[in-house]
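To start, the structure itself, in structure tokens.
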Amino acid sequence: MIKEVYFVEGMTCAACSASVERVTRRLPGVQESTVNLTTKRLTIVYDENQVQPEQIMEKVRKAGFGIQKEVPERKTKEQNRQRTARINLIGAAIPALLLLYVSMGHMLPFDLPLPGFMEMERHPYVFALVQLFLTLPVLFFGRGFFISGTKALFHRAPTMDSLVAVGSGCAFIYSVVMTLQGDCHHLYYESAAVVLTVVMLGKYLESRSVEKTKSAIHALTALAPDTALKLSESGETIEVPTEQIAVGDRILVRPGMRIPLDGFVLSGNSGVDESMLTGESLPVEKDKGSSVYAGSLNQSGALEIQVTGVQSDSTLSKMIRLVEEAQGKKAPIAKIADKVAGVFVPVVMGIALFSAVIWKISGANWYFTLGIFASVLMIACPCALGLATPTAIMVGTGLGASRGILIRSGEALEVAHHVTCVVLDKTGTVTEGKPRVVSFLCKEEETASLLAVAMAVENLSDHPLAMAVVNYAQALEAIEDIKVGSFENLPGRGISAVLEDGTPVFAGNLRLMEEQGYDAAFYQNQLNAYEETGATSVYLAVGKEVVGAFVIRDEIRASSKEAIADLHKKGLKIVLLSGDREPACRYIAAQTGIDQVISGVLPSGKTDAIRELQEAGERVLMCGDGINDAPALTCADLGVAMGSGSDIAVASGDVVLMKPDLREIGKMLRLSQLTIRNIHQNLFWAFIYNVIGIPIAAGLLHVFGGPLLDPMFAGVAMSLSSVCVVSNALRLRRMKL
């Protein structure tokens, strides 16, 4: 079996993607075919002995869509398409508004004036021609609906575009016929134009979020440097493109440079920022024999590295593939309106045609028949159905934005409504993400002078632990002026310094104390309990003895416990998923009430954990803030990124919380509940008008001697349904989260 990904062009709704899936699944040897409408990707698994790629592509083309085997770089193309859509929308909106003024202004209680030569009673033909000429540019700018809608009809797979095209087209044709007949009182040019313009607006707003995660892959790719410093046999350093480096080659990585490829350290000591892998804010100390990963940042010392994997096999490349794979999976809940459209569109068109034929057979004239046909299509126009979902989503996302909750798509709101499990990253999500000194242990009473010494030497280092010590000393106003004579970073251990008076000072881990011959047993016994909770210890030795020790911990956010309690009240399972050590994770879980802990995992492990939860039947919400969380965010049913986190995490999330507060997750879930309920209400109003109006428009009352629904009233009924839908959606703005 072969698995391939194709890029499909021309899809506009769920009916389109369903059509592509349907025709490809009919091919012999095709085991699985899934289309992601957002990314335009067709993922297909097939037996190469039974079907060839050319047959797959030909089948899709015959269904009316474009297809390419390679997914193209579409950034510029997407920008051009957005620009074209914006121009078309503006070009259609201006004449549509003018048309409404001309055609409907005289119907208002305050009669809007028209130039004398355009007045309907005095110059009816001019009145009709002005509307005709105002409608033509709207039809031109909205020609895409007619092209795609007609193509879909031709391939017997009608979509929402088909109904828009037929409804607007029939209203226009009917009005042209009335104009030619000299009847300028029954014109529906404005209905044809406004329907097109409103649907164009909805399509434009929806398309702006189509590429929501593409920037995440660009950002991950940018982490790997394009060049590397290759060491020759003679020890000479040569800068070469990264792709020219082979397994076994030696490379040099200087301080401040990113590591280009996976490997292990041959010589050198340094602190390496691996937050892109583990999400942990503290640098990892590297020395001879330590493994290093592509994309991580070398901070303090030069490293000579032997490459163990080429660029395509690096941990970073695997992360990129994980994100791409997660992006390619189909949305768990498709748009409600598009689902309904698959049945609604052909049924309405069938009713309109059937009604017209029956009336013609019964002896009605062509104008009567055309009026019936137009009335059915006009009252069943998808305007209300098309507005039902996007208006609620627009208002809901607007409400969220005003509360600091940025929701990228309607799918995110729909998925959030069914979440059963919330997975939380630890560092920067449940915790602050910034190491702080929580305690300073010392024998002497003169803590201020000891803190002043610590601040003087640590201030010369840019290590996060050093910054934590400096901030702690400053907060306690340890401002004694102490001069440092010499200073040295000791990678993997700490720092050493000599004060101006000749006193040696060492600050670092237990390994450094043992190397220098200091007895740290007194403090070590006290620190064991702290380290069980994930804290980090920094010993301070001044002169001939260890005089104190700092306990440094990444503190739990003040709101985390309350937020987790609120999520429990909603019946949700809470899981802590982290690359940190198990004792630290267990401590955090115990303090906050988290149900399950999964610790010590890399990005691939995080996605595996998410998939295991999904296979167990959970609908998973993943919340994180680090680069390493990007694959998990896109793999989860709903990815929620902290706005204070990395750009890549933000780009990968379906929802972005601008406030670094887990309580916002509960608000977002409440917003989802309100919005989905509003969508259901909107769909009810949209359908009730159709259920009542379509039989009347088809002439059911006229059969029993009742009135015949004029296309004008059909248009008014359609407008009323839209007003109800929009008004109901606007109620969301008053809801409290």
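Within each chain, counting starts at residue 1; across the structure tokens, chains are named A, B, ... in the order shown, with ligands numbered 1 upward in that order.
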
Give me the residues within 7 Å of region 90-98 of chain A as an MDAnalysis selection string, counting only C-alpha atoms and dropping any in the same chain fewer than 6 places off. chainID A and resid 134 137:138 141 193:194 197

Report as number ranges by chain: the residues of region 572-703 of chain A with a DSSP assignment of alpha helix (DSSP H), based on the backbone of this structure. A: 582-592, 603-615, 630-635, 647-652, 663-697, 700-703

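Of the listed residues (A:Val5, A:Met658, A:Arg83, A:Val726), A:Val726 comes nearest to Ala392 (chain A); the distances count only C-alpha atoms.
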
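The interatomic distance for the pair CA of Phe684 (chain A) and CA of Ile696 (chain A) works out to 18.5 Å.
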
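Closest approach to Leu377 (chain A) among A:Leu353, A:Val691, A:Met622, A:Ala468 is made by A:Leu353 (distances from only C-alpha atoms).
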
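If you measure from each of A:Val655, A:Met104, A:Val23, A:Ala565 to Glu411 (chain A) using only C-alpha atoms, the closest one turns out to be A:Val655.
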
Leaving out Leu399 (chain A) and any residue of its chain fewer than 2 positions from it, which residues lie within 9 Å of it when counting only C-alpha atoms, given as number ranges by chain? A: 394-397, 401-405, 671, 732-735

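Minimum atom-to-atom distance to Asp654 (chain A), evaluated using only C-alpha atoms, belongs to A:Ser409 out of A:Thr592, A:Asn459, A:Ser409, A:Thr675.
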
His418 (chain A) environment, 12 Å, only C-alpha atoms, sequence neighbours closer than 2 positions dropped, as a ChimeraX atom specification: /A:332-333,411-416,420-422,570-572,617-621,637-638,669-670,672-673,676

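Note that CA of Leu132 (chain A) and CA of Phe368 (chain A) are 21.5 Å apart.
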
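The coordinates place CA of Phe172 (chain A) at 13.5 Å from CA of Val130 (chain A).
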
The residue from A:Arg436, A:Val272, A:Leu730, A:Glu304 with the smallest atom-to-atom distance to Gly235 (chain A), counting only C-alpha atoms, is A:Glu304

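Checking A:Ser560, A:Thr427, A:Ser103, A:Gln474 one by one against Gly534 (chain A), counting only C-alpha atoms, you find the shortest gap at A:Thr427.
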
If you count only C-alpha atoms, which residues fall within 7 Å of region 492-499 of chain A, apart from same-chain ones fewer than 2 positions away, as a VMD selection string? chain A and resid 270 to 271 285 to 286 457 483 to 490 501 to 509 511 to 512
